[in-house]
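To start, the structure under review is shown below, and the notes come after it.
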Amino acid sequence: MQNITPNHRLNDKKKLRPKNLNLFTIRLPINAVVSILHRASGVGLFLVLPLILLAFQASVDSPSSYLLLTKLLSAWYVKLFLIGLSWAFFHHFFAGIRHLLQDIHWMTSLQKARFSSRVVLWLVGIAVIVFAWFIWP
Amino acid sequence: MLIQLLTNKYPGMRLWLSQRLTAVVMAVYIVLLLVALLIIQPADYAAWHAFVSPIWFRLATLLFFMCLFMHAWLGVADVLKDYVFNKVLRAYLQMAVDVALMLYLFWIIYILWNV
């Protein structure tokens, strides 16, 4: 029982620990990068939900609204936005699958988790390029 | 084990599992949808409308969006708890998110009903 630290000593130790919360000097490990981007892309996807619903509604509502939507979607700046959106989707999708696999204890060692992070980033990059290739013409 | 964890004693466990299950449902729907779109390739309004119209497609899409809203609700709640420390502000933001997601649900039902 003698190695239990009294509470006040624990607090003192906590105060002495170096702390760095400067976002410009923190270098996140690749696992953390994939994780925080999963969160950021999720928030992004949540924020564009009304646009997605609006676009879906326009696509099925009538031939004229469908035509209007296709015209809108063919503008280059809208396509750029769609490519950005596709990044959010693909990152959330692939990083999410990685998290699900980790939930069932697949590839959870540090080394394997780093490897799967790299795989996720590559898959996202390839998927976004394929998507851009698909919609640009 | 799992069943034990899902009892009232561990309410967070059910939320955790809901987030995962909705994710799996959405992933399956999206992959199937992409495959179907690549095979059929609806090129104009008539083809797209015919693609969307079947009742089973609309029901599957409704299921997808219900999972999406549930998933988003859980995810956004976690994000708000992590970054918004003012409890009153967080409660208001959460309420705004709840209302928005409820409206989205009615909206998508309205859209799918009128296809």
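In the structure tokens, the first chain shown is A, the next is B, and so on; residue numbers restart at 1 for each chain, and ligands run from 1 in the order shown.
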
Problem set entry | Residue hits in chain A, query chain B, radius 9 Å, only C-alpha atoms, as a ChimeraX atom specification | /A:39,42-43,45-46,49-50,53,56-57,59-63,66-67,93,96-97,100

For this session: List every residue of range 26-110 of chain A that DSSP, applied to the backbone, labels as alpha helix (DSSP H), and write the result as a ChimeraX atom specification.
Result: /A:30-61,63-73,76-103,110

Counting only C-alpha atoms, what is within 12 Å of range 106-117 of chain A, bar same-chain residues fewer than 4 positions away, as a short mmCIF file (atom, residue, chain, number, x, y, z; two decimals) with all heavy atoms, in the first residue's frame?
data_model
loop_
_atom_site.label_atom_id
_atom_site.label_comp_id
_atom_site.auth_asym_id
_atom_site.auth_seq_id
_atom_site.Cartn_x
_atom_site.Cartn_y
_atom_site.Cartn_z
N PRO A 29 0.97 12.05 -34.82
CA PRO A 29 1.30 10.81 -35.50
C PRO A 29 0.22 10.48 -36.54
O PRO A 29 -0.90 10.98 -36.46
CB PRO A 29 1.31 9.77 -34.37
CG PRO A 29 0.60 10.40 -33.24
CD PRO A 29 0.70 11.88 -33.40
N ILE A 30 0.58 9.66 -37.51
CA ILE A 30 -0.31 9.43 -38.66
C ILE A 30 -1.67 8.87 -38.23
O ILE A 30 -2.70 9.20 -38.83
CB ILE A 30 0.38 8.53 -39.71
CG1 ILE A 30 -0.43 8.49 -41.00
CG2 ILE A 30 0.62 7.13 -39.17
CD1 ILE A 30 0.33 7.96 -42.18
N ASN A 31 -1.69 8.06 -37.18
CA ASN A 31 -2.98 7.53 -36.68
C ASN A 31 -3.89 8.67 -36.25
O ASN A 31 -5.09 8.66 -36.51
CB ASN A 31 -2.76 6.63 -35.46
CG ASN A 31 -1.79 5.54 -35.73
OD1 ASN A 31 -1.64 5.11 -36.85
ND2 ASN A 31 -1.10 5.10 -34.69
N ALA A 32 -3.28 9.65 -35.57
CA ALA A 32 -4.06 10.78 -35.06
C ALA A 32 -4.54 11.66 -36.21
O ALA A 32 -5.63 12.21 -36.15
CB ALA A 32 -3.22 11.59 -34.08
N VAL A 33 -3.71 11.76 -37.25
CA VAL A 33 -4.11 12.54 -38.42
C VAL A 33 -5.36 11.93 -39.05
O VAL A 33 -6.35 12.62 -39.32
CB VAL A 33 -2.96 12.60 -39.46
CG1 VAL A 33 -3.45 13.23 -40.75
CG2 VAL A 33 -1.79 13.38 -38.90
N VAL A 34 -5.32 10.61 -39.26
CA VAL A 34 -6.47 9.92 -39.85
C VAL A 34 -7.70 10.08 -38.95
O VAL A 34 -8.81 10.31 -39.42
CB VAL A 34 -6.15 8.43 -40.08
CG1 VAL A 34 -7.40 7.64 -40.44
CG2 VAL A 34 -5.12 8.29 -41.18
N SER A 35 -7.48 10.00 -37.66
CA SER A 35 -8.59 10.08 -36.70
C SER A 35 -9.23 11.47 -36.68
O SER A 35 -10.45 11.60 -36.75
CB SER A 35 -8.09 9.71 -35.31
OG SER A 35 -9.12 9.82 -34.38
N ILE A 36 -8.40 12.52 -36.63
CA ILE A 36 -8.97 13.87 -36.54
C ILE A 36 -9.62 14.25 -37.87
O ILE A 36 -10.64 14.94 -37.90
CB ILE A 36 -7.91 14.92 -36.10
CG1 ILE A 36 -8.58 16.25 -35.74
CG2 ILE A 36 -6.86 15.17 -37.15
CD1 ILE A 36 -9.49 16.18 -34.54
N LEU A 37 -9.05 13.74 -38.98
CA LEU A 37 -9.68 14.02 -40.28
C LEU A 37 -11.02 13.28 -40.39
O LEU A 37 -11.95 13.74 -41.05
CB LEU A 37 -8.75 13.62 -41.42
CG LEU A 37 -7.54 14.53 -41.62
CD1 LEU A 37 -6.68 14.02 -42.78
CD2 LEU A 37 -7.94 15.96 -41.87
N HIS A 38 -11.11 12.12 -39.75
CA HIS A 38 -12.38 11.38 -39.73
C HIS A 38 -13.45 12.23 -39.04
O HIS A 38 -14.58 12.36 -39.52
CB HIS A 38 -12.18 10.06 -38.99
CG HIS A 38 -13.40 9.19 -38.96
ND1 HIS A 38 -14.06 8.88 -37.80
CD2 HIS A 38 -14.09 8.57 -39.95
CE1 HIS A 38 -15.10 8.11 -38.08
NE2 HIS A 38 -15.15 7.91 -39.37
N HIS A 91 -12.87 9.96 -47.10
CA HIS A 91 -12.08 9.83 -45.87
C HIS A 91 -12.93 9.26 -44.74
O HIS A 91 -12.50 8.37 -44.02
CB HIS A 91 -11.46 11.16 -45.44
CG HIS A 91 -10.52 10.98 -44.29
ND1 HIS A 91 -9.19 10.72 -44.47
CD2 HIS A 91 -10.73 10.91 -42.96
CE1 HIS A 91 -8.63 10.51 -43.30
NE2 HIS A 91 -9.54 10.63 -42.37
N PHE A 94 -13.52 5.39 -45.56
CA PHE A 94 -12.39 4.45 -45.38
C PHE A 94 -11.86 4.48 -43.94
O PHE A 94 -11.57 3.42 -43.36
CB PHE A 94 -11.28 4.75 -46.39
CG PHE A 94 -11.64 4.34 -47.78
CD1 PHE A 94 -11.68 5.28 -48.81
CD2 PHE A 94 -11.94 3.02 -48.08
CE1 PHE A 94 -12.01 4.90 -50.11
CE2 PHE A 94 -12.28 2.64 -49.38
CZ PHE A 94 -12.32 3.58 -50.39
N ALA A 95 -11.73 5.68 -43.37
CA ALA A 95 -11.26 5.75 -41.98
C ALA A 95 -12.28 5.11 -41.04
O ALA A 95 -11.92 4.48 -40.04
CB ALA A 95 -10.99 7.20 -41.57
N GLY A 96 -13.57 5.24 -41.41
CA GLY A 96 -14.63 4.61 -40.59
C GLY A 96 -14.53 3.11 -40.63
O GLY A 96 -14.66 2.43 -39.60
N ILE A 97 -14.28 2.55 -41.81
CA ILE A 97 -14.12 1.10 -41.92
C ILE A 97 -12.91 0.65 -41.11
O ILE A 97 -12.95 -0.38 -40.43
CB ILE A 97 -13.99 0.70 -43.40
CG1 ILE A 97 -15.35 0.82 -44.09
CG2 ILE A 97 -13.47 -0.74 -43.53
CD1 ILE A 97 -15.34 0.57 -45.56
N ARG A 98 -11.85 1.46 -41.14
CA ARG A 98 -10.66 1.13 -40.33
C ARG A 98 -11.02 1.10 -38.84
O ARG A 98 -10.63 0.17 -38.13
CB ARG A 98 -9.56 2.16 -40.59
CG ARG A 98 -8.35 2.01 -39.70
CD ARG A 98 -7.25 2.95 -40.15
NE ARG A 98 -6.14 2.93 -39.22
CZ ARG A 98 -6.02 3.73 -38.17
NH1 ARG A 98 -6.96 4.61 -37.92
NH2 ARG A 98 -4.98 3.64 -37.38
N HIS A 99 -11.80 2.10 -38.41
CA HIS A 99 -12.19 2.11 -36.99
C HIS A 99 -13.07 0.91 -36.65
O HIS A 99 -12.95 0.33 -35.57
CB HIS A 99 -12.93 3.41 -36.66
CG HIS A 99 -12.02 4.59 -36.51
ND1 HIS A 99 -10.84 4.50 -35.83
CD2 HIS A 99 -12.12 5.87 -36.93
CE1 HIS A 99 -10.25 5.69 -35.84
NE2 HIS A 99 -11.00 6.53 -36.52
N LEU A 100 -13.95 0.54 -37.58
CA LEU A 100 -14.82 -0.63 -37.34
C LEU A 100 -13.97 -1.89 -37.19
O LEU A 100 -14.22 -2.73 -36.32
CB LEU A 100 -15.82 -0.81 -38.48
CG LEU A 100 -17.03 0.11 -38.49
CD1 LEU A 100 -17.84 -0.10 -39.77
CD2 LEU A 100 -17.90 -0.14 -37.28
N LEU A 101 -12.97 -2.02 -38.07
CA LEU A 101 -12.10 -3.21 -37.99
C LEU A 101 -11.32 -3.22 -36.67
O LEU A 101 -11.12 -4.28 -36.07
CB LEU A 101 -11.14 -3.23 -39.19
CG LEU A 101 -11.82 -3.48 -40.53
CD1 LEU A 101 -10.82 -3.35 -41.67
CD2 LEU A 101 -12.48 -4.84 -40.56
N GLN A 102 -10.93 -2.02 -36.22
CA GLN A 102 -10.23 -1.97 -34.94
C GLN A 102 -11.18 -2.31 -33.79
O GLN A 102 -10.75 -2.89 -32.78
CB GLN A 102 -9.62 -0.58 -34.72
CG GLN A 102 -8.45 -0.34 -35.66
CD GLN A 102 -7.89 1.06 -35.54
OE1 GLN A 102 -8.62 1.99 -35.24
NE2 GLN A 102 -6.61 1.20 -35.78
N LEU A 121 -5.14 6.57 -46.16
CA LEU A 121 -4.82 7.81 -46.86
C LEU A 121 -4.61 7.56 -48.35
O LEU A 121 -5.04 8.36 -49.19
CB LEU A 121 -3.58 8.47 -46.24
CG LEU A 121 -3.80 9.01 -44.82
CD1 LEU A 121 -2.52 9.61 -44.26
CD2 LEU A 121 -4.92 10.06 -44.81
N TRP A 122 -3.98 6.45 -48.70
CA TRP A 122 -3.79 6.12 -50.11
C TRP A 122 -5.13 5.86 -50.80
O TRP A 122 -5.39 6.36 -51.90
CB TRP A 122 -2.88 4.90 -50.26
CG TRP A 122 -1.43 5.27 -50.29
CD1 TRP A 122 -0.51 5.08 -49.29
CD2 TRP A 122 -0.72 5.92 -51.36
NE1 TRP A 122 0.71 5.58 -49.67
CE2 TRP A 122 0.61 6.09 -50.93
CE3 TRP A 122 -1.09 6.38 -52.63
CZ2 TRP A 122 1.58 6.69 -51.72
CZ3 TRP A 122 -0.13 6.98 -53.42
CH2 TRP A 122 1.19 7.13 -52.97
N LEU A 123 -5.98 5.05 -50.15
CA LEU A 123 -7.28 4.73 -50.74
C LEU A 123 -8.10 6.00 -50.96
O LEU A 123 -8.72 6.18 -52.02
CB LEU A 123 -8.06 3.77 -49.83
CG LEU A 123 -7.61 2.31 -49.83
CD1 LEU A 123 -8.39 1.51 -48.79
CD2 LEU A 123 -7.81 1.69 -51.21
N VAL A 124 -8.06 6.90 -49.98
CA VAL A 124 -8.81 8.15 -50.10
C VAL A 124 -8.27 8.96 -51.28
O VAL A 124 -9.04 9.45 -52.12
CB VAL A 124 -8.72 8.97 -48.79
CG1 VAL A 124 -9.34 10.35 -48.99
CG2 VAL A 124 -9.41 8.24 -47.66
#

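If you look at CA of Trp133 in chain A and CA of Leu51 in chain A, they are 22.6 Å away from each other.
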
Exercise. Can you tell me how far CA of His105 in chain A sits from CA of Leu34 in chain B, in Å to one decimal?
Worked result: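 One can read the CA of His105 in chain A to CA of Leu34 in chain B distance as 28.4 Å.
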
For this session: Go through B:Tyr29, B:Ala60, B:Met66, B:Ala43 and flag the residue nearest Phe106 in chain B, using only C-alpha atoms for the distances.
Result: B:Met66
